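Quick notes on the structure that follows.
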Amino acid sequence: MQNKSFVPFTKEMKKDYTILVPNMLPIHFKLIISVLETYGYNMELLDYAGPEVAETGLKYTHNDTCYPAILVVGQFIHALKSGKYDPHKTALIMFQTGGGCRASNYISLIRKALEKAGYGYVPVISFSMAGIERHPGFHLSIKKMYSMLYAVLYGDLIMSLVNQTKPYEAVKGTADSLAALWTERLGRQLGSGAVVRYSKIKETYKKIIKDFDGIPIKKRDAVKVGIVGEIYVKYSPLANNSLEQMLIDEGAEPVVPGLLDFCLYIVNNVFVEYRIYGRKKLLYPFARIAYKVLCDKKDYISRLVKKFSNFNPWVSFDKTVKLAEKLISTAVKMGEGWLLTGEMLELAESGCTNIVCTQPFGCLPNHICGKGMMKPLKEYNPNINVIAIDYDAGASRVNQENRIKLMLFNALRTQKTESVKELITT
């Protein structure tokens with residue numbers, strides 16, 4: 001039985017409705033929007049990040065609600081109240097995994113907030129591979145998902161190259177400008193409606209890598225800082241107070257695992273369901289194929305990065321799984337689950353031992369698999385330095401940044417000490 005607050009997005013709405021998209025990964029989401037616009041959807045990415053977003057979210061949701069939900073609700077209702085859109089010709093879309101954490105309940109939270117704000121008639125589309133809801137005017141086909149896969153891969157590649165370039169660029173803003181140029185170019189490519197040919201994709205990868213490798217840089221030793229945590233707070237500049245930029249401003253190099261790893265984590269969880277509980281027997285063979293395809297595509301990009309540039313390539317996801325299994329069971333799959341621990345081990349293994357674990361205040365999976373694993377991580381690798389930062393509407397940004405700056409200070413001091421020791425021994 002359908003919830004009474006459910007307002008379907010119909011085929012008729014597709015013609016003249018604007019679909020608002022909450023901002024989590026600007027580059028990735030712009031490319032995904034380009035793909036969906038090919039199929040006749042008019043979509044707009046919400047980029048306003050002022051304090052009114054959290055204030056609006058708190059006004060229409062309980063203050064104990066998950067912080068990402070508060071921000072998403074705030075972005076949506078702030079946009080509807082801005083006068084920029086006709087609420088009667090506007091729909092909202094929410095990306096969901098269908099897992100057990102509160103992210104799967106966001107749709108209900110959003111609808112409840114909309115009713116409270118007087119917008120109960122606005123359709124809320126669930127963008128989910130798990131098929132949480134069905135809307136006559138919006139559905140995901142194999143062709144759409146195939147194109148969106150490359151939007152994710154392109155987004156991960158550009159995000160990685162930007163973060164490896166910005167701390168060292170000779171002319172500030174060069175990497176961001178190149179990223180914007182490529183995002184626009186790739187958006188046109190993916191949104192052209194033409195058949196996505198892998199041969200052309202491969203050539204595009206090489207061009208992107210070579211372009212970023214050609215940016216003039218000033219060589220220096222910068223502290224590498226990994227960013228892990230709850231998926232929204234890890235990626236969203238709105239949620240983490242522009243953490244990546246803050247680290248770059250402090251002279252550090254942010255290292256952020258890609259979105260594809262989270263997709264692989266979701267697929268890998270099907271194996272766990274099958275192996276431990278005997279569930280998802282029909283889905284299991286398809287998951288095996290999808291897992292291999294995704295891993296192959298990720299590893300191919302990594303090989304190109306290694307061959308055509310001086311950038312650090314990505315770590316194979318199979319290695320991330322094996323590292324995680326040393327400390328935690330892959331059956332721990334609520335929220336970010338074992339992936340959170342695996343990413344920290346992966347970062348440390350590749351030389352990035354300073355890590356910021358971003359988590360919404362009260363996020364149980366993150367407190368267990370992030371903060372709760374700090375002691376085992378330290379015992380496994382004494383060089384790992386993890387700080388857990390809670391992000392919440394009532395949290396002090398100054399306090400958050402001061403803790404991160406203290407970590408950077410200690411990391412820089414350790415790095416200098418190790419450099420001196422190395423000079424003495426040689």
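Note on naming: chains are A, B, ... as they come in the structure tokens, residues start from 1 per chain, ligands start from 1 in the order shown.
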Quiz item: Can you list every residue in stretch 46-120 of chain A that DSSP puts in strand (DSSP E or B), as a ChimeraX atom specification?
Solution: /A:90-96
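The shell of residues at most 6 Å from A:Pro313, with only C-alpha atoms counted and near chain neighbours (fewer than 6 positions) removed, consists of Ser302, Val305 and Lys306 of chain A.
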Write the residues of the selection above to a file with N, CA and C atoms, as a PDB file, in the first residue's frame.
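Writing done, so here's result.pdb:
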```pdb
ATOM      1  N   SER A 302      43.803   3.329 -13.525  1.00  0.00           N
ATOM      2  CA  SER A 302      44.972   3.371 -12.651  1.00  0.00           C
ATOM      3  C   SER A 302      46.254   3.105 -13.437  1.00  0.00           C
ATOM      4  N   VAL A 305      47.116   6.236 -15.460  1.00  0.00           N
ATOM      5  CA  VAL A 305      47.682   7.273 -14.592  1.00  0.00           C
ATOM      6  C   VAL A 305      49.165   6.989 -14.334  1.00  0.00           C
ATOM      7  N   LYS A 306      49.469   5.733 -14.074  1.00  0.00           N
ATOM      8  CA  LYS A 306      50.854   5.337 -13.801  1.00  0.00           C
ATOM      9  C   LYS A 306      51.742   5.478 -15.034  1.00  0.00           C
TER      10      LYS A 306
END
```
Self-check item: Shell around stretch 143-146 of chain A at 9 Å using only C-alpha atoms, local window under 4 positions removed, as number ranges by chain
Solution: A: 35-36, 39, 150, 196
What's around A:Val332 at 9 Å? Count only C-alpha atoms, leave out sequence neighbours fewer than 5 positions away in its own chain, and write the answer as a compact mmCIF listing (two decimals) with N, CA and C atoms, in the first residue's frame.
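Once everything was written out, this is out-v3.txt:
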```txt
# COMPACT_ATOMS: atom_id res chain seq x y z
N GLY A 337 30.07 0.85 6.70
CA GLY A 337 30.55 -0.44 7.20
C GLY A 337 32.04 -0.65 7.11
N TRP A 338 32.40 -1.87 6.69
CA TRP A 338 33.81 -2.27 6.62
C TRP A 338 34.62 -1.42 5.65
N LEU A 339 33.95 -0.81 4.67
CA LEU A 339 34.66 0.02 3.69
C LEU A 339 35.39 1.16 4.38
N PRO A 365 27.03 3.68 12.43
CA PRO A 365 28.02 2.93 11.64
C PRO A 365 29.40 3.57 11.65
N CYS A 369 32.72 1.74 12.90
CA CYS A 369 33.72 1.36 11.88
C CYS A 369 34.77 2.44 11.66
```
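Excluding stretch 234-242 of chain A itself and same-chain residues fewer than 5 positions from it, the residues having an atom within 6 Å of it are Met24, Leu25, Ala49, Val228, Gly229 and Thr358 of chain A, counting only C-alpha atoms.
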Residues from last step as file, N, CA and C atoms, as an mmCIF file, in the first residue's frame:
```cif
data_model
loop_
_atom_site.group_PDB
_atom_site.id
_atom_site.type_symbol
_atom_site.label_atom_id
_atom_site.label_comp_id
_atom_site.auth_asym_id
_atom_site.auth_seq_id
_atom_site.Cartn_x
_atom_site.Cartn_y
_atom_site.Cartn_z
ATOM 1 N N MET A 24 26.256 16.854 -3.656
ATOM 2 C CA MET A 24 27.177 16.067 -2.837
ATOM 3 C C MET A 24 28.566 16.073 -3.477
ATOM 4 N N LEU A 25 28.629 15.650 -4.741
ATOM 5 C CA LEU A 25 29.870 15.654 -5.503
ATOM 6 C C LEU A 25 29.661 16.528 -6.746
ATOM 7 N N ALA A 49 25.192 27.284 -0.507
ATOM 8 C CA ALA A 49 25.729 26.647 0.697
ATOM 9 C C ALA A 49 25.796 27.607 1.886
ATOM 10 N N VAL A 228 37.937 10.231 4.917
ATOM 11 C CA VAL A 228 37.002 9.102 4.867
ATOM 12 C C VAL A 228 35.784 9.470 5.708
ATOM 13 N N GLY A 229 34.810 8.562 5.753
ATOM 14 C CA GLY A 229 33.651 8.803 6.618
ATOM 15 C C GLY A 229 32.330 8.549 5.931
ATOM 16 N N THR A 358 35.389 11.830 8.828
ATOM 17 C CA THR A 358 34.253 12.754 8.934
ATOM 18 C C THR A 358 32.988 11.968 9.236
#
```
Practice problem: Give me every helix (DSSP H, G or I) residue in stretch 109-287 of chain A, going by DSSP on the backbone, as a count of residues only. | Solution: 101
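Reported to one decimal place, the separation of atom CA of A:Gln359 from atom CA of A:Lys116 is 27.7 Å.
Going from atom CA of A:Ser82 over to atom CA of A:Lys112, you cover 19.6 Å.
Nearest residue to A:Pro136 among A:Leu406, A:Val356, A:Val21, A:Met13 is A:Met13, counting only C-alpha atoms.
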